[in-house]
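K.L.:
You'll find query.pdb just under this line, and it carries PDB, C-alpha atoms and all ligand atoms.
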ATOM      1  CA  MET A   1     107.755 287.823  50.856
ATOM      2  CA  ASN A   2     107.547 284.201  49.771
ATOM      3  CA  VAL A   3     107.515 283.365  46.088
ATOM      4  CA  GLN A   4     104.090 282.158  45.069
ATOM      5  CA  PRO A   5     103.017 279.536  42.543
ATOM      6  CA  ARG A   6     102.373 281.034  39.170
ATOM      7  CA  ARG A   7      98.915 279.970  38.179
ATOM      8  CA  VAL A   8      96.171 278.446  40.254
ATOM      9  CA  GLU A   9      92.640 277.660  39.277
ATOM     10  CA  HIS A  10      90.119 275.614  41.177
ATOM     11  CA  LEU A  11      88.270 272.656  39.801
ATOM     12  CA  GLU A  12      85.076 271.406  41.430
ATOM     13  CA  THR A  13      85.269 267.635  41.819
ATOM     14  CA  ASP A  14      83.581 264.947  43.906
ATOM     15  CA  LYS A  15      86.386 265.530  46.417
ATOM     16  CA  GLY A  16      85.648 269.227  46.731
ATOM     17  CA  SER A  17      87.521 272.157  45.289
ATOM     18  CA  VAL A  18      90.913 271.084  43.978
ATOM     19  CA  PRO A  19      93.673 273.461  42.903
ATOM     20  CA  VAL A  20      94.902 273.033  39.357
ATOM     21  CA  TYR A  21      98.279 274.317  38.300
ATOM     22  CA  THR A  22     100.007 274.666  35.008
ATOM     23  CA  THR A  23     101.322 271.257  33.964
ATOM     24  CA  ALA A  24     104.572 272.681  32.621
ATOM     25  CA  VAL A  25     107.934 271.584  33.962
ATOM     26  CA  VAL A  26     109.553 274.607  35.628
ATOM     27  CA  GLU A  27     113.098 275.421  36.707
ATOM     28  CA  GLN A  28     113.477 275.476  40.465
ATOM     29  CA  PRO A  29     113.758 279.228  41.194
ATOM     30  CA  TRP A  30     116.313 278.529  43.886
ATOM     31  CA  SER A  31     117.709 282.054  44.237
ATOM     32  CA  SER A  32     114.178 283.421  44.720
ATOM     33  CA  TYR A  33     113.527 281.506  47.907
ATOM     34  CA  ALA A  34     113.201 283.895  50.853
ATOM     35  CA  ARG A  35     115.068 283.448  54.089
ATOM     36  CA  SER A  36     111.748 282.413  55.628
ATOM     37  CA  ASP A  37     111.419 279.600  53.045
ATOM     38  CA  HIS A  38     114.800 278.188  54.048
ATOM     39  CA  GLU A  39     113.805 278.535  57.689
ATOM     40  CA  THR A  40     110.610 276.579  57.089
ATOM     41  CA  TRP A  41     112.681 273.837  55.471
ATOM     42  CA  ALA A  42     115.117 273.842  58.412
ATOM     43  CA  THR A  43     112.351 273.652  61.021
ATOM     44  CA  LEU A  44     110.566 270.792  59.306
ATOM     45  CA  PHE A  45     113.743 268.931  58.395
ATOM     46  CA  LYS A  46     115.177 268.940  61.923
ATOM     47  CA  ARG A  47     111.889 268.030  63.503
ATOM     48  CA  GLN A  48     111.162 265.089  61.197
ATOM     49  CA  GLN A  49     114.716 263.786  61.316
ATOM     50  CA  GLN A  50     114.411 263.373  65.068
ATOM     51  CA  ILE A  51     110.955 261.864  64.986
ATOM     52  CA  LEU A  52     111.901 259.346  62.302
ATOM     53  CA  VAL A  53     114.719 257.690  64.248
ATOM     54  CA  ASP A  54     113.386 254.158  64.915
ATOM     55  CA  ARG A  55     110.179 255.049  63.086
ATOM     56  CA  ALA A  56     111.116 255.307  59.396
ATOM     57  CA  CYS A  57     112.311 252.151  57.624
ATOM     58  CA  SER A  58     116.057 251.653  57.298
ATOM     59  CA  GLU A  59     115.975 252.208  53.511
ATOM     60  CA  PHE A  60     114.462 255.651  54.011
ATOM     61  CA  ILE A  61     117.018 256.748  56.593
ATOM     62  CA  GLU A  62     120.029 255.358  54.737
ATOM     63  CA  ASN A  63     119.037 256.827  51.404
ATOM     64  CA  GLN A  64     118.200 260.188  52.851
ATOM     65  CA  GLN A  65     121.748 260.342  54.184
ATOM     66  CA  LYS A  66     123.169 259.461  50.762
ATOM     67  CA  PHE A  67     121.577 262.596  49.300
ATOM     68  CA  GLY A  68     123.359 264.766  51.827
ATOM     69  CA  MET A  69     120.205 266.810  52.458
ATOM     70  CA  SER A  70     120.668 269.117  55.407
ATOM     71  CA  PRO A  71     118.650 271.663  57.370
ATOM     72  CA  ASP A  72     120.944 274.474  56.194
ATOM     73  CA  ALA A  73     119.072 275.302  53.005
ATOM     74  CA  ILE A  74     116.398 274.031  50.630
ATOM     75  CA  PRO A  75     118.191 271.437  48.483
ATOM     76  CA  LYS A  76     118.880 272.190  44.838
ATOM     77  CA  PHE A  77     117.110 269.765  42.506
ATOM     78  CA  ASP A  78     120.190 269.764  40.246
ATOM     79  CA  GLU A  79     122.414 268.533  43.041
ATOM     80  CA  LEU A  80     120.003 265.807  44.112
ATOM     81  CA  ASN A  81     119.705 264.770  40.466
ATOM     82  CA  ARG A  82     123.428 264.118  40.225
ATOM     83  CA  VAL A  83     123.121 261.491  42.952
ATOM     84  CA  LEU A  84     119.799 260.125  41.749
ATOM     85  CA  SER A  85     120.521 259.760  38.042
ATOM     86  CA  LYS A  86     123.649 257.740  38.718
ATOM     87  CA  ALA A  87     121.940 255.447  41.211
ATOM     88  CA  THR A  88     118.559 254.590  39.668
ATOM     89  CA  GLY A  89     118.166 256.759  36.586
ATOM     90  CA  TRP A  90     115.365 258.831  38.114
ATOM     91  CA  GLU A  91     115.212 262.597  37.609
ATOM     92  CA  LEU A  92     113.456 265.218  39.725
ATOM     93  CA  ILE A  93     111.530 267.825  37.743
ATOM     94  CA  GLY A  94     110.086 271.035  39.147
ATOM     95  CA  VAL A  95     106.318 271.559  38.949
ATOM     96  CA  GLU A  96     103.798 274.047  40.337
ATOM     97  CA  GLY A  97     101.799 271.465  42.276
ATOM     98  CA  LEU A  98      99.419 268.530  41.851
ATOM     99  CA  LEU A  99      99.237 267.353  38.251
ATOM    100  CA  PRO A 100      96.386 265.822  36.270
ATOM    101  CA  GLU A 101      96.523 262.034  36.582
ATOM    102  CA  LEU A 102      97.692 261.199  33.087
ATOM    103  CA  THR A 103     100.487 263.792  33.143
ATOM    104  CA  PHE A 104     101.631 262.438  36.493
ATOM    105  CA  PHE A 105     101.549 258.802  35.322
ATOM    106  CA  ASP A 106     103.487 259.701  32.200
ATOM    107  CA  HIS A 107     106.264 261.330  34.222
ATOM    108  CA  LEU A 108     106.557 258.313  36.523
ATOM    109  CA  ALA A 109     106.529 255.879  33.617
ATOM    110  CA  ASN A 110     109.572 257.770  32.310
ATOM    111  CA  ARG A 111     111.331 257.901  35.668
ATOM    112  CA  ARG A 112     110.681 261.593  36.197
ATOM    113  CA  PHE A 113     109.460 262.522  39.656
ATOM    114  CA  PRO A 114     107.550 265.830  39.839
ATOM    115  CA  VAL A 115     108.521 267.947  42.842
ATOM    116  CA  THR A 116     106.530 271.023  43.836
ATOM    117  CA  TRP A 117     109.069 273.869  43.811
ATOM    118  CA  TRP A 118     107.419 276.067  46.501
ATOM    119  CA  ILE A 119     107.376 275.437  50.230
ATOM    120  CA  ARG A 120     104.475 275.951  52.646
ATOM    121  CA  ARG A 121     104.032 279.185  54.631
ATOM    122  CA  PRO A 122     105.076 279.319  58.288
ATOM    123  CA  ASP A 123     101.434 279.100  59.413
ATOM    124  CA  GLN A 124     101.155 275.792  57.515
ATOM    125  CA  ILE A 125     104.073 274.079  59.277
ATOM    126  CA  ASP A 126     101.965 271.352  60.866
ATOM    127  CA  TYR A 127      99.437 270.761  58.107
ATOM    128  CA  ILE A 128      98.901 271.634  54.474
ATOM    129  CA  SER A 129      96.212 269.970  52.378
ATOM    130  CA  GLU A 130      98.270 269.727  49.192
ATOM    131  CA  PRO A 131     101.796 268.574  48.429
ATOM    132  CA  ASP A 132     104.544 271.178  48.742
ATOM    133  CA  LEU A 133     108.323 270.979  48.419
ATOM    134  CA  PHE A 134     108.780 269.556  51.889
ATOM    135  CA  HIS A 135     106.372 266.683  51.322
ATOM    136  CA  ASP A 136     107.694 265.908  47.849
ATOM    137  CA  LEU A 137     111.426 266.193  48.564
ATOM    138  CA  PHE A 138     111.711 265.005  52.106
ATOM    139  CA  GLY A 139     108.930 262.448  51.808
ATOM    140  CA  HIS A 140     109.249 260.907  48.348
ATOM    141  CA  VAL A 141     112.771 261.384  47.105
ATOM    142  CA  PRO A 142     114.833 259.181  49.485
ATOM    143  CA  LEU A 143     113.196 255.911  48.396
ATOM    144  CA  LEU A 144     113.794 256.715  44.724
ATOM    145  CA  LEU A 145     117.391 255.691  45.495
ATOM    146  CA  ASN A 146     116.190 252.170  46.330
ATOM    147  CA  SER A 147     116.209 250.177  43.115
ATOM    148  CA  LEU A 148     113.157 248.046  43.948
ATOM    149  CA  PHE A 149     111.092 251.005  44.991
ATOM    150  CA  ALA A 150     112.328 253.009  42.003
ATOM    151  CA  ASP A 151     111.117 250.218  39.710
ATOM    152  CA  TYR A 152     107.787 250.028  41.541
ATOM    153  CA  MET A 153     107.185 253.735  40.964
ATOM    154  CA  GLN A 154     107.936 253.439  37.255
ATOM    155  CA  ALA A 155     105.710 250.352  36.927
ATOM    156  CA  TYR A 156     102.946 252.211  38.727
ATOM    157  CA  GLY A 157     103.194 255.068  36.227
ATOM    158  CA  ALA A 158     103.086 252.700  33.275
ATOM    159  CA  GLY A 159     100.135 250.893  34.872
ATOM    160  CA  GLY A 160      98.384 254.241  35.265
ATOM    161  CA  VAL A 161      98.870 255.181  31.625
ATOM    162  CA  LYS A 162      97.398 251.811  30.676
ATOM    163  CA  ALA A 163      94.491 252.005  33.144
ATOM    164  CA  HIS A 164      93.589 255.427  31.826
ATOM    165  CA  GLY A 165      92.279 253.726  28.722
ATOM    166  CA  VAL A 166      90.207 251.159  30.661
ATOM    167  CA  ASN A 167      87.598 253.006  32.745
ATOM    168  CA  PRO A 168      87.411 255.601  35.525
ATOM    169  CA  GLU A 169      86.931 252.866  38.147
ATOM    170  CA  ALA A 170      90.293 251.332  37.253
ATOM    171  CA  LEU A 171      91.919 254.640  38.103
ATOM    172  CA  VAL A 172      90.142 254.734  41.451
ATOM    173  CA  ASN A 173      91.547 251.261  42.190
ATOM    174  CA  LEU A 174      95.063 252.383  41.264
ATOM    175  CA  THR A 175      94.834 255.607  43.244
ATOM    176  CA  ARG A 176      93.914 253.640  46.360
ATOM    177  CA  LEU A 177      96.951 251.443  45.851
ATOM    178  CA  TYR A 178      99.213 254.484  45.596
ATOM    179  CA  TRP A 179      97.621 256.005  48.659
ATOM    180  CA  TYR A 180      98.017 252.934  50.863
ATOM    181  CA  THR A 181     101.571 252.151  49.686
ATOM    182  CA  VAL A 182     103.563 255.118  48.391
ATOM    183  CA  GLU A 183     101.812 257.681  50.603
ATOM    184  CA  PHE A 184     100.741 255.803  53.735
ATOM    185  CA  GLY A 185     102.527 252.450  53.723
ATOM    186  CA  LEU A 186     104.069 250.681  56.716
ATOM    187  CA  ILE A 187     106.693 247.938  56.466
ATOM    188  CA  LYS A 188     107.550 245.119  58.850
ATOM    189  CA  GLN A 189     111.243 245.179  59.727
ATOM    190  CA  ALA A 190     113.402 243.150  62.117
ATOM    191  CA  ASP A 191     112.636 245.319  65.128
ATOM    192  CA  GLY A 192     109.015 246.153  64.427
ATOM    193  CA  LEU A 193     106.754 248.154  62.162
ATOM    194  CA  ARG A 194     108.340 251.066  60.356
ATOM    195  CA  ILE A 195     107.100 253.803  58.038
ATOM    196  CA  TYR A 196     107.880 254.058  54.332
ATOM    197  CA  GLY A 197     104.883 256.144  53.136
ATOM    198  CA  SER A 198     105.721 259.718  52.151
ATOM    199  CA  GLY A 199     102.514 261.190  53.511
ATOM    200  CA  ILE A 200     103.460 259.824  56.916
ATOM    201  CA  VAL A 201     107.172 260.651  57.000
ATOM    202  CA  SER A 202     106.468 264.262  56.081
ATOM    203  CA  SER A 203     103.930 264.660  58.929
ATOM    204  CA  LYS A 204     104.919 265.034  62.553
ATOM    205  CA  GLY A 205     101.564 263.967  63.940
ATOM    206  CA  GLU A 206     100.985 261.006  61.636
ATOM    207  CA  SER A 207     104.546 259.663  62.071
ATOM    208  CA  ILE A 208     103.660 259.019  65.676
ATOM    209  CA  TYR A 209      99.984 258.166  65.224
ATOM    210  CA  SER A 210     100.481 255.613  62.436
ATOM    211  CA  LEU A 211     102.808 253.483  64.572
ATOM    212  CA  GLU A 212     101.823 254.188  68.154
ATOM    213  CA  SER A 213      98.150 255.089  68.350
ATOM    214  CA  PRO A 214      95.687 252.348  69.360
ATOM    215  CA  ALA A 215      93.036 253.977  67.147
ATOM    216  CA  PRO A 216      93.883 252.831  63.574
ATOM    217  CA  ASN A 217      93.848 249.329  62.085
ATOM    218  CA  ARG A 218      97.142 247.892  60.910
ATOM    219  CA  ILE A 219      96.542 245.160  58.367
ATOM    220  CA  GLY A 220      98.759 243.000  56.153
ATOM    221  CA  PHE A 221      99.164 244.106  52.536
ATOM    222  CA  ASP A 222      96.603 242.550  50.179
ATOM    223  CA  LEU A 223      96.547 244.009  46.686
ATOM    224  CA  THR A 224      92.907 243.671  45.658
ATOM    225  CA  ARG A 225      91.670 244.365  49.184
ATOM    226  CA  ILE A 226      93.552 247.669  49.075
ATOM    227  CA  MET A 227      92.225 248.502  45.622
ATOM    228  CA  ARG A 228      88.698 248.287  47.065
ATOM    229  CA  THR A 229      89.392 250.375  50.163
ATOM    230  CA  ARG A 230      88.308 253.983  50.527
ATOM    231  CA  TYR A 231      90.632 256.372  52.307
ATOM    232  CA  ARG A 232      90.872 259.682  54.162
ATOM    233  CA  ILE A 233      92.260 262.860  52.699
ATOM    234  CA  ASP A 234      91.535 265.234  55.578
ATOM    235  CA  THR A 235      92.330 263.163  58.702
ATOM    236  CA  TYR A 236      94.879 260.545  59.678
ATOM    237  CA  GLN A 237      94.171 257.187  58.057
ATOM    238  CA  LYS A 238      91.807 254.755  59.762
ATOM    239  CA  THR A 239      93.774 251.827  58.347
ATOM    240  CA  TYR A 240      97.432 251.338  57.457
ATOM    241  CA  PHE A 241      98.568 248.394  55.329
ATOM    242  CA  VAL A 242     101.808 246.641  56.189
ATOM    243  CA  ILE A 243     104.175 245.124  53.627
ATOM    244  CA  ASP A 244     106.792 242.496  54.560
ATOM    245  CA  SER A 245     109.320 243.874  52.085
ATOM    246  CA  PHE A 246     109.608 245.917  48.915
ATOM    247  CA  GLU A 247     110.035 242.572  47.102
ATOM    248  CA  GLN A 248     106.528 241.624  48.215
ATOM    249  CA  LEU A 249     105.197 244.886  46.807
ATOM    250  CA  MET A 250     106.947 244.282  43.487
ATOM    251  CA  ARG A 251     105.840 240.682  43.174
ATOM    252  CA  ALA A 252     102.213 241.420  44.025
ATOM    253  CA  THR A 253     101.963 244.211  41.470
ATOM    254  CA  GLU A 254     103.791 242.443  38.635
ATOM    255  CA  PRO A 255     100.748 240.748  37.025
ATOM    256  CA  ASP A 256      98.674 242.563  34.438
ATOM    257  CA  PHE A 257      95.882 244.276  36.379
ATOM    258  CA  THR A 258      93.393 244.291  33.492
ATOM    259  CA  PRO A 259      91.452 241.221  34.709
ATOM    260  CA  TYR A 260      91.487 242.543  38.278
ATOM    261  CA  TYR A 261      89.798 245.758  37.199
ATOM    262  CA  GLY A 262      86.976 243.719  35.688
ATOM    263  CA  GLU A 263      86.486 241.656  38.844
ATOM    264  CA  LEU A 264      86.735 244.657  41.164
ATOM    265  CA  ALA A 265      84.092 246.557  39.213
ATOM    266  CA  ALA A 266      81.497 244.038  40.450
ATOM    267  CA  LEU A 267      82.449 244.438  44.131
ATOM    268  CA  GLU A 268      81.450 247.055  46.697
ATOM    269  CA  SER A 269      84.111 249.409  47.957
ATOM    270  CA  ILE A 270      85.277 248.906  51.563
ATOM    271  CA  PRO A 271      84.959 251.724  54.126
ATOM    272  CA  ALA A 272      88.307 253.105  55.303
ATOM    273  CA  GLY A 273      87.970 251.700  58.816
ATOM    274  CA  SER A 274      86.578 248.196  58.152
ATOM    275  CA  VAL A 275      88.299 244.980  59.186
ATOM    276  CA  LEU A 276      87.368 241.935  57.096
ATOM    277  CA  PRO A 277      87.354 238.253  58.131
ATOM    278  CA  ASN A 278      90.316 237.403  55.897
ATOM    279  CA  ASP A 279      92.493 240.333  56.944
ATOM    280  CA  LEU A 280      95.865 239.689  58.504
ATOM    281  CA  VAL A 281      95.365 241.903  61.527
ATOM    282  CA  TYR A 282      98.419 243.344  63.283
ATOM    283  CA  GLN A 283      96.201 245.653  65.232
ATOM    284  CA  ARG A 284      92.450 246.066  65.298
ATOM    285  CA  GLY A 285      91.969 249.782  65.808
ATOM    286  CA  SER A 286      89.933 251.116  68.702
ATOM    287  CA  GLY A 287      88.403 253.634  66.303
ATOM    288  CA  GLU A 288      88.822 256.353  68.866
ATOM    289  CA  GLY A 289      88.496 259.806  67.396
ATOM    290  CA  TRP A 290      87.436 258.638  63.945
ATOM    291  CA  ALA A 291      85.307 260.913  61.815
ATOM    292  CA  LYS A 292      81.912 259.353  61.075
ATOM    293  CA  ASP A 293      81.857 260.139  57.389
ATOM    294  CA  GLY A 294      84.078 261.568  54.713
ATOM    295  CA  ASP A 295      85.865 258.498  53.351
ATOM    296  CA  VAL A 296      86.662 259.121  49.674
TER     297      VAL A 296
HETATM  298  N1  LIG B   1     101.070 245.434  36.876
HETATM  299  C1  LIG B   1     100.207 246.578  36.780
HETATM  300  C2  LIG B   1      99.355 246.537  35.535
HETATM  301  O1  LIG B   1      99.517 245.726  34.695
HETATM  302  C3  LIG B   1     101.003 247.876  36.785
HETATM  303  C4  LIG B   1     101.386 248.291  38.146
HETATM  304  C5  LIG B   1     102.636 248.024  38.672
HETATM  305  C6  LIG B   1     100.490 248.974  38.911
HETATM  306  C7  LIG B   1     102.964 248.457  39.924
HETATM  307  C8  LIG B   1     100.819 249.412  40.163
HETATM  308  C9  LIG B   1     102.050 249.143  40.670
HETATM  309  O2  LIG B   1      98.486 247.348  35.393
HETATM  310 CO    CO B   2     102.905 262.542  47.884
END
In structure tokens, write the structure found in this file.
P.N.:
Amino acid sequence: MNVQPRRVEHLETDKGSVPVYTTAVVEQPWSSYARSDHETWATLFKRQQQILVDRACSEFIENQQKFGMSPDAIPKFDELNRVLSKATGWELIGVEGLLPELTFFDHLANRRFPVTWWIRRPDQIDYISEPDLFHDLFGHVPLLLNSLFADYMQAYGAGGVKAHGVNPEALVNLTRLYWYTVEFGLIKQADGLRIYGSGIVSSKGESIYSLESPAPNRIGFDLTRIMRTRYRIDTYQKTYFVIDSFEQLMRATEPDFTPYYGELAALESIPAGSVLPNDLVYQRGSGEGWAKDGDV
């Protein structure tokens, strides 16, 4: 039998029923993982490693190799931390699952990255609606070895702590930014578009769809445009935003966002699939297969 998360409650929100876990930091119960847990890791790891050749950005691939992760067994957080702390000063901490916003921001602001300790069940191999160990470790951890990206994540956390005191809309703006960069970002590299977003690299279907499907829009990164844009939580994205470099991401997010929040509050949000006149369009999506409603 798989080990199960310790405490789950459900909270009714505007996004539906959301699981809430204890916010405590927990030891990774490594010796309690079942053989089937390690097998799930192996299956997903091997599959994504193949798919990501020539699809993930070079920083992702190179840094993943530096960690020495392998399909043989679920990695030990302690061992990854030895590599990570030396390189960028980040630390992985074990958690039960999604955290309340402020707790999450506070960890990031202090260079602690929360990793869900449990892995999905075999029947969830292709899709799970919440982050598990595979998404968090495989998807997020490699880029924490990149010093620019590591700094971006910390700055994001600090920005979140600050925005928490402003108004709920400011947090919506920041969440969209995280979604369209950290989770679903694309980057332009010498030989074409590549993936850096964790939500994409940890998904077989979306790794292919985000780069190769004619359906979604692919649009140049624009900070305030992104902060106004709704997104999808239950389907592939209708729009992906493309950065030129991690430097661009850093530079664009350096200014104090406080005045932006004020200006954005007066503007309508943008539907997930819209293309605007000023957009830098790499691809205008065909829209094929898009759900009619359900942007959040
Ligand atoms: N510069 C932002 C602020 O002042 C903080 C931030 C940095 C937000 C990086 C997101 C990403 O609020
Ligand atoms: Co994630």
K.L.:
May I have the residues within 7 Å of ligand CO 2 (chain B), computed using all atoms listed in the file, as a ChimeraX atom specification?
P.N.:
/A:131,135-136,140,183,198-199
K.L.:
How would you report the residues lying within 7 Å of ligand LIG 1 (chain B), as number ranges by chain, if you count only C-alpha atoms and all ligand atoms?
P.N.:
A: 152-153, 155-156, 158-160, 162-163, 174, 250, 253-258
K.L.:
Every residue with an atom at most 10 Å from (116.4, 268.7, 41.1) (file coordinates; only C-alpha atoms) is what I'm after, so could you write them as number ranges by chain?
P.N.:
A: 27-28, 75-82, 84, 91-94, 113-115, 117, 137
K.L.:
When distances are computed from only C-alpha atoms, which of A:Arg176, A:Trp41, A:Ile243, A:Phe221 shows the smallest separation from Arg121 of chain A?
P.N.:
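Among A:Arg176, A:Trp41, A:Ile243, A:Phe221, it is A:Trp41 that comes nearest to Arg121 of chain A.
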K.L.:
Go through A:Ala34, A:Ile51, A:Ala109, A:Ala215 and flag the residue nearest Trp290 of chain A, using only C-alpha atoms for the distances.
P.N.:
A:Ala215
K.L.:
Any chance you could resolve the PyMOL selection byres (((chain A and resi 242) around 10) and not hetatm) against this file and give the residues as a list in words?
P.N.:
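When the PyMOL selection byres (((chain A and resi 242) around 10) and not hetatm) is applied to the shown file, the picked residues are Tyr180, Thr181, Phe184, Gly185, Leu186, Ile187, Lys188, Leu193, Arg194, Ile195, Tyr196, Arg218, Ile219, Gly220, Phe221, Asp222, Thr239, Tyr240, Phe241, Ile243, Asp244, Ser245, Leu280, Val281 and Tyr282 of chain A.
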K.L.:
Could you save those same residues with C-alpha atoms as a JSON list (two decimals), in the coordinates of the input?
P.N.:
[["chain", "number", "residue", "atom", "x", "y", "z"],
["A", 180, "TYR", "CA", 98.02, 252.93, 50.86],
["A", 181, "THR", "CA", 101.57, 252.15, 49.69],
["A", 184, "PHE", "CA", 100.74, 255.80, 53.74],
["A", 185, "GLY", "CA", 102.53, 252.45, 53.72],
["A", 186, "LEU", "CA", 104.07, 250.68, 56.72],
["A", 187, "ILE", "CA", 106.69, 247.94, 56.47],
["A", 188, "LYS", "CA", 107.55, 245.12, 58.85],
["A", 193, "LEU", "CA", 106.75, 248.15, 62.16],
["A", 194, "ARG", "CA", 108.34, 251.07, 60.36],
["A", 195, "ILE", "CA", 107.10, 253.80, 58.04],
["A", 196, "TYR", "CA", 107.88, 254.06, 54.33],
["A", 218, "ARG", "CA", 97.14, 247.89, 60.91],
["A", 219, "ILE", "CA", 96.54, 245.16, 58.37],
["A", 220, "GLY", "CA", 98.76, 243.00, 56.15],
["A", 221, "PHE", "CA", 99.16, 244.11, 52.54],
["A", 222, "ASP", "CA", 96.60, 242.55, 50.18],
["A", 239, "THR", "CA", 93.77, 251.83, 58.35],
["A", 240, "TYR", "CA", 97.43, 251.34, 57.46],
["A", 241, "PHE", "CA", 98.57, 248.39, 55.33],
["A", 243, "ILE", "CA", 104.18, 245.12, 53.63],
["A", 244, "ASP", "CA", 106.79, 242.50, 54.56],
["A", 245, "SER", "CA", 109.32, 243.87, 52.08],
["A", 280, "LEU", "CA", 95.86, 239.69, 58.50],
["A", 281, "VAL", "CA", 95.36, 241.90, 61.53],
["A", 282, "TYR", "CA", 98.42, 243.34, 63.28]]
K.L.:
Please evaluate the PyMOL selection byres (((chain A and resi 266-275) around 12) and not hetatm) against the structure above and give the resulting residues as an NGL selection string.
P.N.:
:A and (169-170 or 172-173 or 176 or 179-180 or 215-220 or 224-233 or 235-241 or 259-265 or 276-296)
K.L.:
Could you work out how far atom CA of Gln248 of chain A lies from atom CA of Leu148 of chain A, giving the answer in Å with one decimal?
P.N.:
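Going from atom CA of Leu148 of chain A over to atom CA of Gln248 of chain A covers 10.2 Å.
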K.L.:
What's the separation between atom CA of Ser210 of chain A and atom CA of His38 of chain A, in Å to one decimal place?
P.N.:
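Interatomic distance here is 28.0 Å.
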K.L.:
What does the structure give for the distance between atom CA of Leu108 of chain A and atom CA of Phe138 of chain A, in Å to one decimal?
P.N.:
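That distance, rounded to one decimal, is 17.7 Å.
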K.L.:
From the set A:Leu102, A:Val83, A:Ala24, A:Leu52, which residue has the shortest atom-to-atom contact distance to Thr175 of chain A, counting only C-alpha atoms?
P.N.:
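Comparing A:Leu102, A:Val83, A:Ala24, A:Leu52 against Thr175 of chain A, the winner is A:Leu102.
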K.L.:
Compare A:Pro214, A:His164, A:Val25, A:Leu171 by their minimum atom-to-atom distance to Arg112 of chain A, counting all atoms listed in the file, and give me the closest one.
P.N.:
A:Val25
K.L.:
Could you check which of A:Leu223, A:Ala252, A:Leu145, A:Leu211 is closest to Phe60 of chain A, using only C-alpha atoms?
P.N.:
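Distance minimum relative to Phe60 of chain A lands on A:Leu145.
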K.L.:
Go through A:Tyr209, A:Phe134, A:Tyr178, A:Phe149 one by one, measure the shortest atom-to-atom distance of each to Glu59 of chain A using all atoms listed in the file, and give the residue with the smallest value.
P.N.:
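Among the listed residues, A:Phe149 lies closest to Glu59 of chain A.
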K.L.:
Which residues are close to Gln50 of chain A, i.e. within 12 Å by only C-alpha atoms, leaving aside same-chain residues fewer than 4 positions away? Reply as number ranges by chain.
P.N.:
A: 43-46, 54-56, 61, 201, 204, 207-208
K.L.:
What do you get, as a list in words, if you spell out every residue that the PyMOL selection byres (((chain A and resi 63) around 9) and not hetatm) selects here?
P.N.:
Ser58, Glu59, Phe60, Ile61, Glu62, Gln64, Gln65, Lys66, Phe67, Val141, Pro142, Leu143, Leu144, Leu145 and Asn146 of chain A
